[in-house]
$ cat final27.csv   # CSV, C-alpha atoms and all ligand atoms
chain,number,residue,atom,x,y,z
A,1,MET,CA,-94.3,-192.5,44.3
A,2,LEU,CA,-92.8,-189.4,45.9
A,3,VAL,CA,-95.3,-186.8,44.7
A,4,ASN,CA,-99.0,-187.0,44.1
A,5,GLN,CA,-100.6,-185.7,40.9
A,6,THR,CA,-101.4,-182.3,42.3
A,7,ASN,CA,-97.9,-181.8,43.7
A,8,ALA,CA,-96.5,-182.9,40.3
A,9,GLN,CA,-98.6,-180.3,38.6
A,10,ILE,CA,-97.4,-177.5,41.0
A,11,VAL,CA,-93.8,-178.5,40.5
A,12,LEU,CA,-94.0,-178.7,36.8
A,13,SER,CA,-95.9,-175.4,36.6
A,14,THR,CA,-93.2,-173.8,38.8
A,15,ILE,CA,-90.4,-175.1,36.5
A,16,THR,CA,-92.1,-174.2,33.3
A,17,THR,CA,-93.0,-170.6,34.3
A,18,ARG,CA,-89.5,-169.7,35.5
A,19,ARG,CA,-87.7,-167.3,33.3
A,20,SER,CA,-84.7,-165.2,33.9
A,21,THR,CA,-85.3,-161.6,35.0
A,22,LYS,CA,-82.7,-158.9,35.2
A,23,SER,CA,-85.0,-156.1,36.3
A,24,ILE,CA,-85.3,-156.8,40.0
A,25,ALA,CA,-85.3,-154.8,43.2
A,26,ALA,CA,-85.9,-155.1,47.0
A,27,PRO,CA,-87.3,-157.0,48.7
A,28,GLY,CA,-85.1,-160.0,48.3
A,29,PRO,CA,-85.7,-163.3,50.0
A,30,SER,CA,-85.7,-163.5,53.8
A,31,ALA,CA,-83.0,-165.5,55.6
A,32,ASP,CA,-85.5,-168.4,56.0
A,33,GLN,CA,-86.4,-168.3,52.3
A,34,LEU,CA,-82.8,-168.2,51.3
A,35,ASP,CA,-82.1,-171.2,53.6
A,36,LEU,CA,-84.8,-173.2,51.9
A,37,ALA,CA,-83.4,-172.3,48.5
A,38,PHE,CA,-79.9,-173.4,49.5
A,39,LYS,CA,-81.3,-176.6,50.9
A,40,ALA,CA,-82.9,-177.2,47.5
A,41,ALA,CA,-79.5,-176.5,45.9
A,42,SER,CA,-78.0,-179.3,48.0
A,43,HIS,CA,-80.4,-181.8,46.4
A,44,ALA,CA,-78.5,-181.6,43.1
A,45,PRO,CA,-77.2,-184.8,41.7
A,46,ASP,CA,-73.8,-185.3,43.3
A,47,HIS,CA,-71.5,-188.2,42.2
A,48,ALA,CA,-69.6,-189.6,45.1
A,49,ALA,CA,-71.2,-187.0,47.4
A,50,LEU,CA,-68.4,-184.5,46.8
A,51,ARG,CA,-70.6,-181.5,47.8
A,52,VAL,CA,-68.7,-179.3,45.4
A,53,TRP,CA,-71.2,-176.4,45.6
A,54,ARG,CA,-70.2,-173.1,47.2
A,55,PHE,CA,-72.2,-169.9,47.5
A,56,VAL,CA,-71.4,-166.5,48.8
A,57,THR,CA,-74.1,-163.9,49.5
A,58,ILE,CA,-73.5,-160.2,48.9
A,59,SER,CA,-76.2,-157.8,50.3
A,60,PRO,CA,-76.5,-154.0,50.2
A,61,PRO,CA,-74.6,-151.8,50.9
A,62,HIS,CA,-71.9,-154.3,49.9
A,63,VAL,CA,-73.4,-154.9,46.5
A,64,GLU,CA,-72.4,-151.5,45.3
A,65,VAL,CA,-68.9,-151.8,46.8
A,66,PHE,CA,-68.6,-155.1,45.0
A,67,ALA,CA,-69.7,-153.6,41.7
A,68,GLU,CA,-66.7,-151.2,41.8
A,69,LEU,CA,-64.4,-154.0,42.7
A,70,ALA,CA,-65.6,-156.1,39.8
A,71,ILE,CA,-65.3,-153.2,37.3
A,72,ALA,CA,-61.8,-152.5,38.5
A,73,ALA,CA,-60.8,-156.2,38.4
A,74,ASN,CA,-62.0,-156.5,34.8
A,75,LEU,CA,-59.8,-153.5,33.9
A,76,ARG,CA,-56.8,-154.9,35.8
A,77,ALA,CA,-57.2,-158.3,34.1
A,78,GLY,CA,-57.1,-156.6,30.7
A,79,GLN,CA,-60.8,-157.0,30.0
A,80,PRO,CA,-61.8,-153.4,29.4
A,81,VAL,CA,-65.2,-152.2,30.5
A,82,THR,CA,-66.5,-149.2,28.5
A,83,ASP,CA,-67.9,-146.2,30.5
A,84,GLU,CA,-71.3,-147.1,29.1
A,85,LYS,CA,-71.1,-150.7,30.3
A,86,ALA,CA,-69.8,-149.6,33.7
A,87,ALA,CA,-72.7,-147.2,34.1
A,88,SER,CA,-75.2,-149.9,33.2
A,89,ILE,CA,-73.6,-152.3,35.7
A,90,ARG,CA,-73.8,-149.6,38.4
A,91,LYS,CA,-77.4,-148.8,37.5
A,92,TRP,CA,-78.4,-152.5,37.6
A,93,LEU,CA,-76.7,-153.4,40.9
A,94,LYS,CA,-77.9,-150.3,42.7
A,95,ASN,CA,-81.3,-151.9,42.9
A,96,VAL,CA,-80.3,-155.6,43.4
A,97,PRO,CA,-81.0,-156.7,46.9
A,98,LEU,CA,-79.0,-159.9,46.8
A,99,LEU,CA,-76.1,-161.2,44.7
A,100,ILE,CA,-75.0,-164.8,45.1
A,101,GLY,CA,-71.5,-165.7,44.0
A,102,LEU,CA,-71.4,-169.2,42.6
A,103,ALA,CA,-68.4,-171.5,42.8
A,104,TYR,CA,-67.5,-175.2,43.0
A,105,GLN,CA,-64.6,-176.9,44.7
A,106,MET,CA,-62.5,-178.7,42.1
A,107,HIS,CA,-61.5,-182.2,43.1
A,108,HIS,CA,-58.5,-182.5,40.8
A,109,ASP,CA,-57.8,-185.9,39.3
A,110,HIS,CA,-60.7,-187.5,41.2
A,111,PRO,CA,-60.6,-191.3,40.3
A,112,LYS,CA,-64.3,-191.5,39.7
A,113,VAL,CA,-65.7,-188.0,39.2
A,114,ASN,CA,-64.1,-186.0,36.4
A,115,ALA,CA,-64.1,-182.2,36.1
A,116,LEU,CA,-67.1,-182.2,33.8
A,117,GLU,CA,-69.2,-184.1,36.3
A,118,GLN,CA,-68.3,-181.7,39.1
A,119,SER,CA,-69.2,-178.8,36.8
A,120,LEU,CA,-72.6,-180.4,35.9
A,121,SER,CA,-73.4,-180.9,39.6
A,122,MET,CA,-72.8,-177.2,40.2
A,123,GLY,CA,-75.1,-176.3,37.3
A,124,ALA,CA,-77.8,-178.5,38.7
A,125,ALA,CA,-77.4,-176.9,42.1
A,126,VAL,CA,-77.8,-173.4,40.6
A,127,MET,CA,-80.9,-174.6,38.7
A,128,ASN,CA,-82.5,-175.9,41.9
A,129,LEU,CA,-81.7,-172.5,43.5
A,130,GLN,CA,-83.3,-170.6,40.6
A,131,ASN,CA,-86.4,-172.8,40.6
A,132,SER,CA,-86.9,-172.6,44.3
A,133,LEU,CA,-86.5,-168.8,44.4
A,134,HIS,CA,-89.0,-168.6,41.6
A,135,ALA,CA,-91.4,-170.9,43.6
A,136,MET,CA,-91.1,-168.4,46.4
A,137,GLY,CA,-92.0,-165.5,44.1
A,138,PHE,CA,-88.5,-164.1,43.3
A,139,GLY,CA,-86.8,-163.4,40.0
A,140,SER,CA,-83.2,-164.3,39.4
A,141,PHE,CA,-80.6,-163.8,36.7
A,142,TRP,CA,-77.4,-165.9,36.2
A,143,SER,CA,-74.6,-163.7,34.9
A,144,THR,CA,-71.0,-164.5,34.2
A,145,GLY,CA,-70.1,-160.8,33.9
A,146,LEU,CA,-68.8,-158.9,36.9
A,147,GLY,CA,-65.3,-160.3,36.7
A,148,THR,CA,-66.3,-163.9,36.9
A,149,TYR,CA,-63.3,-165.0,34.7
A,150,THR,CA,-60.7,-162.9,36.5
A,151,ASP,CA,-58.7,-164.3,39.4
A,152,GLU,CA,-59.2,-161.2,41.5
A,153,VAL,CA,-63.0,-161.4,41.9
A,154,PRO,CA,-63.3,-165.1,43.0
A,155,GLU,CA,-60.3,-164.5,45.3
A,156,ALA,CA,-61.8,-161.4,46.8
A,157,LEU,CA,-64.9,-163.5,47.5
A,158,GLY,CA,-62.9,-166.1,49.3
A,159,PHE,CA,-62.3,-168.7,46.5
A,160,ASP,CA,-58.7,-169.6,45.8
A,161,THR,CA,-58.7,-170.2,42.0
A,162,LEU,CA,-56.4,-173.1,42.4
A,163,ASP,CA,-59.1,-175.0,44.3
A,164,TYR,CA,-62.3,-173.4,43.2
A,165,GLN,CA,-63.9,-172.7,39.8
A,166,PHE,CA,-66.0,-169.6,39.9
A,167,VAL,CA,-69.1,-169.7,37.7
A,168,GLY,CA,-70.7,-166.4,38.1
A,169,PHE,CA,-73.5,-164.7,40.0
A,170,LEU,CA,-77.2,-165.0,40.6
A,171,ALA,CA,-78.9,-161.6,41.0
A,172,VAL,CA,-82.0,-162.2,43.1
A,173,GLY,CA,-84.9,-159.9,43.9
A,174,THR,CA,-88.5,-159.0,43.3
A,175,VAL,CA,-89.4,-158.6,39.6
A,176,GLN,CA,-90.1,-155.0,38.6
A,177,GLY,CA,-92.9,-154.0,36.3
A,178,GLU,CA,-94.2,-156.4,33.7
A,179,LEU,CA,-92.4,-159.6,33.1
A,180,ALA,CA,-90.5,-159.6,29.8
A,181,PRO,CA,-92.3,-161.7,27.2
A,182,ALA,CA,-91.6,-165.4,27.7
A,183,LEU,CA,-88.9,-166.8,25.6
A,184,LYS,CA,-90.1,-169.3,23.0
A,185,ARG,CA,-89.1,-172.7,24.2
A,186,PRO,CA,-88.4,-175.5,21.8
A,187,GLN,CA,-90.7,-178.5,21.5
A,188,PRO,CA,-89.3,-181.7,23.0
A,189,SER,CA,-89.4,-183.2,19.5
A,190,GLU,CA,-86.8,-180.7,18.5
A,191,PHE,CA,-84.2,-181.9,21.0
A,192,VAL,CA,-85.2,-185.5,21.9
A,193,HIS,CA,-84.9,-188.6,19.8
A,194,ALA,CA,-85.4,-192.3,20.6
A,195,TRP,CA,-82.5,-194.6,19.8
A,196,VAL,CA,-83.3,-197.9,18.1
A,197,PRO,CA,-80.6,-200.5,17.4
A,198,ASN,CA,-79.7,-201.2,13.8
A,199,ALA,CA,-81.7,-204.1,12.4
A,201,LIG,C1,-73.6,-170.3,33.1
A,201,LIG,C2,-74.5,-169.1,32.5
A,201,LIG,C3,-73.9,-167.9,32.4
A,201,LIG,C4,-74.7,-166.8,31.9
A,201,LIG,N1,-74.1,-165.6,31.8
A,201,LIG,C5,-74.8,-164.6,31.2
A,201,LIG,C6,-74.3,-163.3,31.1
A,201,LIG,O1,-73.2,-163.0,31.6
A,201,LIG,N2,-75.0,-162.3,30.5
A,201,LIG,C7,-76.3,-162.6,30.0
A,201,LIG,O2,-76.9,-161.7,29.5
A,201,LIG,N3,-76.9,-163.8,30.2
A,201,LIG,C8,-76.2,-164.8,30.7
A,201,LIG,N4,-76.7,-166.0,30.9
A,201,LIG,C9,-78.1,-166.3,30.4
A,201,LIG,C10,-79.2,-165.8,31.4
A,201,LIG,O3,-78.9,-166.1,32.7
A,201,LIG,C11,-80.5,-166.5,31.0
A,201,LIG,O4,-80.4,-167.9,31.2
A,201,LIG,C12,-80.9,-166.2,29.6
A,201,LIG,O5,-81.2,-164.8,29.5
A,201,LIG,C13,-82.2,-167.0,29.1
A,201,LIG,O6,-83.2,-166.8,30.0
A,201,LIG,P1,-84.0,-168.1,30.7
A,201,LIG,O7,-83.2,-168.5,31.9
A,201,LIG,O8,-85.3,-167.5,31.0
A,201,LIG,O9,-84.1,-169.1,29.6
A,201,LIG,C14,-76.0,-167.1,31.4
A,201,LIG,C15,-76.6,-168.4,31.6
A,201,LIG,C16,-75.8,-169.4,32.1
A,201,LIG,C17,-76.4,-170.8,32.2
$ encode --input "final27.csv" --output "structure tokens" --more "lines below"
Ligand SMILES: Cc1cc2nc3c(=O)[nH]c(=O)nc-3n(C[C@H](O)[C@H](O)[C@H](O)COP(=O)(O)O)c2cc1C
Amino acid sequence: MLVNQTNAQIVLSTITTRRSTKSIAAPGPSADQLDLAFKAASHAPDHAALRVWRFVTISPPHVEVFAELAIAANLRAGQPVTDEKAASIRKWLKNVPLLIGLAYQMHHDHPKVNALEQSLSMGAAVMNLQNSLHAMGFGSFWSTGLGTYTDEVPEALGFDTLDYQFVGFLAVGTVQGELAPALKRPQPSEFVHAWVPNA
């Protein structure tokens, strides 16, 4: 048994109280806190130990520079951003103390680990990251806006799109004001069933 009852309750309570929060501001996590969160990310399930996960951190004042790059990249890629949307992106990112770019290394034609499994491992790593940031008192929001699906944005962040799949950003910081009402979560009976063999 790896965890005792009390630890299990704490872990479960952390997981089940996490919710995405877009309204965040400084302070963000310290370097040590971020290191702990990335260590947790590296505990994602990982078939054949490919270590596909990659993260890039963007901190102020570079967040605002990046916002302009992302808006322009969207336009150049033929994905128009309305003035209203651009204003809302700028307003949001002006207060964000940490953006984490999320990518994974693609192992093309791997004999045992197909593309889906590599993608799932990255999703699990991001989940560990979000849960551990929440455990340390920070809010986070996973977004696939900001030019995620252009070539220009991942490449500007150091990810050659021939070798890396970019999967968005985590905005991280201290939750502002009241938390939004919790989303209603489905009951396990709505998405779990037990298989029984045919008689
Ligand atoms: C891969 C991925 C990409 C997402 N991209 C966006 C996005 O671009 N914009 C958005 O409003 N929500 C996006 N979401 C959803 C939010 O991050 C969040 O999960 C959702 O608001 C539900 O909140 P919850 O995490 O508390 O359940 C994305 C979620 C995932 C898993």
$ residues_around --input "final27.csv" --residues "segment 99-101 of chain A" --least-positions-apart "2" --cutoff "12 Å" --atoms "only C-alpha atoms" --output "PyMOL selection string"
chain A and resi 22+24-26+28-29+34+37-38+53-64+66-67+92-97+103-104+126+129-130+139-148+153-159+165-173
$ closest_residue --input "final27.csv" --among "A:Pro111, A:Pro186, A:Pro45, A:Gly78" --to "ligand LIG 201 (chain A)" --atoms "only C-alpha atoms and all ligand atoms"
A:Pro186
$ closest_residue --input "final27.csv" --among "A:Ser20, A:Ser132, A:Ser189, A:Gln176" --to "ligand LIG 201 (chain A)" --atoms "all atoms listed in the file"
A:Ser20
$ atom_distance --input "final27.csv" --atom1 "atom C1 of ligand LIG 201 (chain A)" --atom2 "atom CA of Pro181 of chain A"
21.4 Å
$ closest_residue --input "final27.csv" --among "A:Asp160, A:Ala194, A:Ala135, A:Gln118" --to "Ala49 of chain A" --atoms "only C-alpha atoms"
A:Gln118
$ closest_residue --input "final27.csv" --among "A:Val175, A:Ile10, A:Ala182, A:Leu120" --to "ligand LIG 201 (chain A)" --atoms "all atoms listed in the file"
A:Ala182
$ atom_distance --input "final27.csv" --atom1 "atom CA of Asn7 of chain A" --atom2 "atom CA of His43 of chain A"
17.7 Å
$ closest_residue --input "final27.csv" --among "A:Val81, A:Leu12, A:Arg18, A:Trp195" --to "ligand LIG 201 (chain A)" --atoms "only C-alpha atoms and all ligand atoms"
A:Arg18
$ closest_residue --input "final27.csv" --among "A:Ala41, A:Ala180, A:Ala48, A:Leu36" --to "ligand LIG 201 (chain A)" --atoms "all atoms listed in the file"
A:Ala180
$ residues_around --input "final27.csv" --residues "Thr150 of chain A" --least-positions-apart "6" --cutoff "7 Å" --atoms "all atoms listed in the file" --output "list of chain:residue names"
A:Ala73, A:Asn74, A:Ala77
$ atom_distance --input "final27.csv" --atom1 "atom O1 of ligand LIG 201 (chain A)" --atom2 "atom CA of Phe138 of chain A"
19.3 Å
$ build_atoms --input "final27.csv" --residues "segment 148-183 of chain A" --atoms "N, CA and C atoms" --output "short mmCIF file (atom, residue, chain, number, x, y, z; two decimals), in the frame of the given file"
data_model
loop_
_atom_site.label_atom_id
_atom_site.label_comp_id
_atom_site.auth_asym_id
_atom_site.auth_seq_id
_atom_site.Cartn_x
_atom_site.Cartn_y
_atom_site.Cartn_z
N THR A 148 -66.25 -162.46 36.61
CA THR A 148 -66.30 -163.90 36.90
C THR A 148 -64.98 -164.59 36.46
N TYR A 149 -64.50 -164.23 35.27
CA TYR A 149 -63.30 -165.00 34.70
C TYR A 149 -62.01 -164.24 35.00
N THR A 150 -61.97 -163.41 36.03
CA THR A 150 -60.70 -162.90 36.50
C THR A 150 -60.29 -163.77 37.71
N ASP A 151 -59.05 -163.63 38.14
CA ASP A 151 -58.70 -164.30 39.40
C ASP A 151 -59.06 -163.43 40.59
N GLU A 152 -59.04 -162.12 40.36
CA GLU A 152 -59.20 -161.20 41.50
C GLU A 152 -60.61 -161.30 42.13
N VAL A 153 -61.64 -161.41 41.29
CA VAL A 153 -63.00 -161.40 41.90
C VAL A 153 -63.26 -162.66 42.70
N PRO A 154 -63.04 -163.90 42.15
CA PRO A 154 -63.30 -165.10 43.00
C PRO A 154 -62.40 -164.99 44.29
N GLU A 155 -61.16 -164.53 44.14
CA GLU A 155 -60.30 -164.50 45.30
C GLU A 155 -60.78 -163.50 46.35
N ALA A 156 -61.28 -162.35 45.87
CA ALA A 156 -61.80 -161.40 46.80
C ALA A 156 -63.04 -161.93 47.56
N LEU A 157 -63.73 -162.88 46.92
CA LEU A 157 -64.90 -163.50 47.50
C LEU A 157 -64.61 -164.71 48.35
N GLY A 158 -63.33 -165.04 48.44
CA GLY A 158 -62.90 -166.10 49.30
C GLY A 158 -62.66 -167.46 48.60
N PHE A 159 -62.53 -167.41 47.26
CA PHE A 159 -62.30 -168.70 46.50
C PHE A 159 -60.93 -168.64 45.85
N ASP A 160 -60.03 -169.42 46.39
CA ASP A 160 -58.70 -169.60 45.80
C ASP A 160 -58.89 -170.28 44.45
N THR A 161 -58.44 -169.63 43.38
CA THR A 161 -58.70 -170.20 42.00
C THR A 161 -57.95 -171.45 41.73
N LEU A 162 -57.03 -171.83 42.60
CA LEU A 162 -56.40 -173.10 42.40
C LEU A 162 -57.31 -174.26 42.82
N ASP A 163 -58.21 -173.96 43.72
CA ASP A 163 -59.10 -175.00 44.30
C ASP A 163 -60.56 -174.85 43.94
N TYR A 164 -60.92 -173.68 43.47
CA TYR A 164 -62.30 -173.40 43.20
C TYR A 164 -62.51 -172.85 41.79
N GLN A 165 -63.54 -173.31 41.11
CA GLN A 165 -63.90 -172.70 39.80
C GLN A 165 -65.10 -171.79 40.07
N PHE A 166 -64.92 -170.55 39.72
CA PHE A 166 -66.00 -169.60 39.90
C PHE A 166 -66.87 -169.59 38.66
N VAL A 167 -68.21 -169.61 38.83
CA VAL A 167 -69.10 -169.70 37.70
C VAL A 167 -70.14 -168.63 37.58
N GLY A 168 -69.89 -167.53 38.27
CA GLY A 168 -70.70 -166.40 38.10
C GLY A 168 -71.57 -165.98 39.28
N PHE A 169 -72.65 -165.29 38.97
CA PHE A 169 -73.50 -164.70 40.00
C PHE A 169 -74.95 -164.92 39.71
N LEU A 170 -75.74 -165.06 40.76
CA LEU A 170 -77.20 -165.00 40.60
C LEU A 170 -77.59 -163.64 41.24
N ALA A 171 -78.24 -162.78 40.46
CA ALA A 171 -78.90 -161.60 41.00
C ALA A 171 -80.29 -161.99 41.36
N VAL A 172 -80.71 -161.68 42.59
CA VAL A 172 -82.00 -162.20 43.10
C VAL A 172 -82.82 -161.00 43.65
N GLY A 173 -84.10 -160.97 43.36
CA GLY A 173 -84.90 -159.90 43.90
C GLY A 173 -86.38 -160.05 43.45
N THR A 174 -87.13 -159.00 43.72
CA THR A 174 -88.50 -159.00 43.30
C THR A 174 -88.60 -158.37 41.89
N VAL A 175 -89.30 -159.07 41.02
CA VAL A 175 -89.40 -158.60 39.60
C VAL A 175 -90.10 -157.27 39.57
N GLN A 176 -89.51 -156.36 38.76
CA GLN A 176 -90.10 -155.00 38.60
C GLN A 176 -90.90 -154.91 37.36
N GLY A 177 -92.04 -154.29 37.48
CA GLY A 177 -92.90 -154.00 36.30
C GLY A 177 -93.39 -155.32 35.69
N GLU A 178 -93.71 -155.20 34.42
CA GLU A 178 -94.20 -156.40 33.70
C GLU A 178 -93.07 -157.32 33.41
N LEU A 179 -93.37 -158.60 33.48
CA LEU A 179 -92.40 -159.60 33.10
C LEU A 179 -92.07 -159.43 31.59
N ALA A 180 -90.81 -159.61 31.23
CA ALA A 180 -90.50 -159.60 29.80
C ALA A 180 -91.26 -160.76 29.14
N PRO A 181 -91.57 -160.62 27.85
CA PRO A 181 -92.30 -161.70 27.20
C PRO A 181 -91.52 -163.03 27.34
N ALA A 182 -92.28 -164.11 27.55
CA ALA A 182 -91.60 -165.40 27.70
C ALA A 182 -90.83 -165.77 26.48
N LEU A 183 -89.64 -166.33 26.70
CA LEU A 183 -88.90 -166.80 25.60
C LEU A 183 -89.57 -168.02 24.97
#
